[in-house]
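Some notes on the structure that comes next.
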Amino acid sequence: MTALHGAWPVMLTPFGADGGVDHDAVGRYAQWLIDSGATGLFPVALSGEMYELSLDERLAAVRTVVSATGGRVPVAAVALGDEGPLASEVADLTAAGADIVVLVVSSVLSETDDERVLHDAVATIIDHNPDAALGLYECPLPHHRLLSTDAFARLAATGRFVFLKETSHDVQRMAERVRAGAPHGLRVFNAGIENYAESLQVGVAGLSGWVVNVAPDLVARIGDLVADGQLVEASALQSRLEAVEKKMGSTYPSSAKAIVDARAGVGLGLASRWRPAEVDPAQVADLAARLDALA
């Protein structure tokens with residue numbers, strides 16, 4: 001697997017008139033994201049309404065995304081262990097074509113569990129899945145559980161983890177994770193646009209958050225600007241994307257689906273099982289126009 005980097009959308013999940021996942025729209029959306037600069041795809045994470053999808057729906061969505069990528073970019077997928085042993089779900093996702101199977105820290109650990117519970121779960125997963133590349137996601141729901149530096153370093157040292165979606169929003173903490181993970185091939189992805197440029201300067205590999213779903217092209221540009229030493233320009237673009245993300249936040253993910261449709265016409269619709277919301281068409285048009293102007 002090539003070094004993971006850049007814009008990694010946490011893909012939105014479209015639903016059809018029958019309430020089921022609209023796989024045709026999923027495929028079109030995946031194609032647009034890649035054509036717009038995404039260097040990896042992360043379907044059915046929290047933005048993709050993972051807690052509202054059955055295991056069969058999650059597996060089917062992963063298969064659709066893998067097919068749409070045609071091997072052009074890696075695909076990560078979440079294992080929740082909500083319908084059976086976690087190790088079996090990792091195997092199922094790998095069989096569905098996922099390049100990386102991501103473990104959700106707050107699904108494995110309660111708010112009070114000792115971190116040894118996670119280490120034991122990982123040992124079982126590795127034992128049953130000797131070839132699977134793994135990831136970690138410090139999802140803020142159902143509770144926000146951040147791993148200690150020691151626990152993170154111990155997991156990285158297994159050599160089996162290649163991806164972390166980091167949700168502390170703390171650049172210093174991200175730098176610690178980069179130092180712990182880099183010798184073992186574990187790449188850290190920031191979840192927050194508000195300090196993305198700064199995090200790139202401490203070794204973070206890319207961004208995997210809300211705004212990437214609607215503007216992978218502009219997130220990719222921030223990476224290029226930082227790489228070229230154009231930090232003022234990168235910071236200015238970052239601020240504009242942060243403003244867009246804040247505007248769509250109260251009605252997310254429906255607002256993001258509407259913005260993608262305005263920019264790309266892929267037919268995501270507005271339906272959401274997780275956070276159904278009314279969307280203001282005028283605001284959507286304004287935000288899409290802002291992004292298109294920046295592009």
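Every chain in the structure tokens takes a letter, A first, then B, and so on in the order presented; its residues are numbered from 1, and the ligands are numbered from 1 following the presented order.
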Would you give me, as a Markdown table, each residue of segment 116-169 of chain A having an atom within 7 Å of an atom of segment 78-92 of chain A, along with its shortest atom pair and that distance in Å to one decimal, using only C-alpha atoms and sorting by chain and residue number?
| residue | atom | partner | partner_atom | distance |
| --- | --- | --- | --- | --- |
| A:Thr124 | CA | A:Ala87 | CA | 6.8 |
| A:Ile125 | CA | A:Ala87 | CA | 4.6 |
| A:His128 | CA | A:Ala87 | CA | 6.4 |
| A:Asn129 | CA | A:Ala91 | CA | 6.4 |
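For Ser110 of chain A, the list of residues within 12 Å, based on only C-alpha atoms and with local chain neighbours fewer than 6 positions off taken out, reads Val104, Arg116, Val117, Leu118, Leu141, Pro142, His143, His144, Arg145 and Leu146 of chain A.
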Which residues of segment 38-133 of chain A have any atom within 12 Å of an atom in segment 186-190 of chain A when counting only C-alpha atoms, and what is the closest pair of atoms for each, with the distance in Å to one decimal? Order the rows by chain and rising number and write it as JSON lines.
{"residue": "A:Gly40", "atom": "CA", "partner": "A:Phe189", "partner_atom": "CA", "distance": 11.3}
{"residue": "A:Phe42", "atom": "CA", "partner": "A:Phe189", "partner_atom": "CA", "distance": 11.7}
{"residue": "A:Ile100", "atom": "CA", "partner": "A:Leu186", "partner_atom": "CA", "distance": 11.6}
{"residue": "A:Ala133", "atom": "CA", "partner": "A:Leu186", "partner_atom": "CA", "distance": 10.2}
Interatomic distance, atom CA of Gly97 of chain A to atom CA of Leu109 of chain A (Å, one decimal):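 Taking atom CA of Gly97 of chain A and atom CA of Leu109 of chain A, their separation equals 26.4 Å.
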DSSP helix (DSSP H, G or I) residues within segment 185-244 of chain A, listed as number ranges by chain: A: 193-200, 210-213, 216-227, 231-244
Which of A:Ala205, A:Lys165, A:Ala156, A:Tyr252 sits closest to Gly181 of chain A [using only C-alpha atoms]: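 Checking each of A:Ala205, A:Lys165, A:Ala156, A:Tyr252 against Gly181 of chain A, counting only C-alpha atoms, the winner is A:Ala156.
Of all the residues in segment 4-105 of chain A, the ones DSSP labels as strand (DSSP E) from the backbone are Gly6, Ala7, Ala76, Ala77, Val78, Ala79, Ile100, Val101, Val102, Leu103 and Val104 of chain A.
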Emit the selected residues as a PDB file, in the first residue's frame, including N, CA, C and O atoms.
ATOM      1  N   GLY A   6      -3.142  13.021   2.305  1.00  0.00           N
ATOM      2  CA  GLY A   6      -4.038  13.902   1.587  1.00  0.00           C
ATOM      3  C   GLY A   6      -5.478  13.914   2.062  1.00  0.00           C
ATOM      4  O   GLY A   6      -5.782  13.736   3.239  1.00  0.00           O
ATOM      5  N   ALA A   7      -6.385  14.124   1.123  1.00  0.00           N
ATOM      6  CA  ALA A   7      -7.814  14.327   1.396  1.00  0.00           C
ATOM      7  C   ALA A   7      -8.531  12.981   1.453  1.00  0.00           C
ATOM      8  O   ALA A   7      -8.629  12.282   0.447  1.00  0.00           O
ATOM      9  N   ALA A  76     -10.959   2.584   3.315  1.00  0.00           N
ATOM     10  CA  ALA A  76     -11.029   2.196   4.724  1.00  0.00           C
ATOM     11  C   ALA A  76     -12.479   1.950   5.097  1.00  0.00           C
ATOM     12  O   ALA A  76     -13.388   2.564   4.529  1.00  0.00           O
ATOM     13  N   ALA A  77     -12.726   1.053   6.042  1.00  0.00           N
ATOM     14  CA  ALA A  77     -14.087   0.739   6.463  1.00  0.00           C
ATOM     15  C   ALA A  77     -14.103   0.408   7.942  1.00  0.00           C
ATOM     16  O   ALA A  77     -13.185  -0.227   8.464  1.00  0.00           O
ATOM     17  N   VAL A  78     -15.164   0.826   8.615  1.00  0.00           N
ATOM     18  CA  VAL A  78     -15.294   0.655  10.059  1.00  0.00           C
ATOM     19  C   VAL A  78     -15.825  -0.732  10.409  1.00  0.00           C
ATOM     20  O   VAL A  78     -16.756  -1.235   9.778  1.00  0.00           O
ATOM     21  N   ALA A  79     -15.240  -1.326  11.448  1.00  0.00           N
ATOM     22  CA  ALA A  79     -15.787  -2.531  12.071  1.00  0.00           C
ATOM     23  C   ALA A  79     -16.327  -2.154  13.439  1.00  0.00           C
ATOM     24  O   ALA A  79     -15.601  -1.590  14.267  1.00  0.00           O
ATOM     25  N   ILE A 100      -8.255  -1.215   4.437  1.00  0.00           N
ATOM     26  CA  ILE A 100      -7.966  -0.959   5.851  1.00  0.00           C
ATOM     27  C   ILE A 100      -9.266  -1.154   6.621  1.00  0.00           C
ATOM     28  O   ILE A 100     -10.308  -0.605   6.237  1.00  0.00           O
ATOM     29  N   VAL A 101      -9.220  -1.913   7.698  1.00  0.00           N
ATOM     30  CA  VAL A 101     -10.385  -2.058   8.564  1.00  0.00           C
ATOM     31  C   VAL A 101     -10.115  -1.252   9.833  1.00  0.00           C
ATOM     32  O   VAL A 101      -9.119  -1.483  10.535  1.00  0.00           O
ATOM     33  N   VAL A 102     -11.002  -0.314  10.114  1.00  0.00           N
ATOM     34  CA  VAL A 102     -10.801   0.667  11.176  1.00  0.00           C
ATOM     35  C   VAL A 102     -11.607   0.283  12.413  1.00  0.00           C
ATOM     36  O   VAL A 102     -12.827   0.067  12.331  1.00  0.00           O
ATOM     37  N   LEU A 103     -10.933   0.206  13.549  1.00  0.00           N
ATOM     38  CA  LEU A 103     -11.586  -0.090  14.814  1.00  0.00           C
ATOM     39  C   LEU A 103     -11.992   1.214  15.484  1.00  0.00           C
ATOM     40  O   LEU A 103     -11.194   2.160  15.565  1.00  0.00           O
ATOM     41  N   VAL A 104     -13.229   1.264  15.964  1.00  0.00           N
ATOM     42  CA  VAL A 104     -13.755   2.470  16.609  1.00  0.00           C
ATOM     43  C   VAL A 104     -13.494   2.361  18.107  1.00  0.00           C
ATOM     44  O   VAL A 104     -14.043   1.485  18.783  1.00  0.00           O
TER      45      VAL A 104
END
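Across A:Gly20, A:His169, A:Arg177, A:Ala215, the tightest approach to Asn195 of chain A is made by A:His169 when counting only C-alpha atoms.
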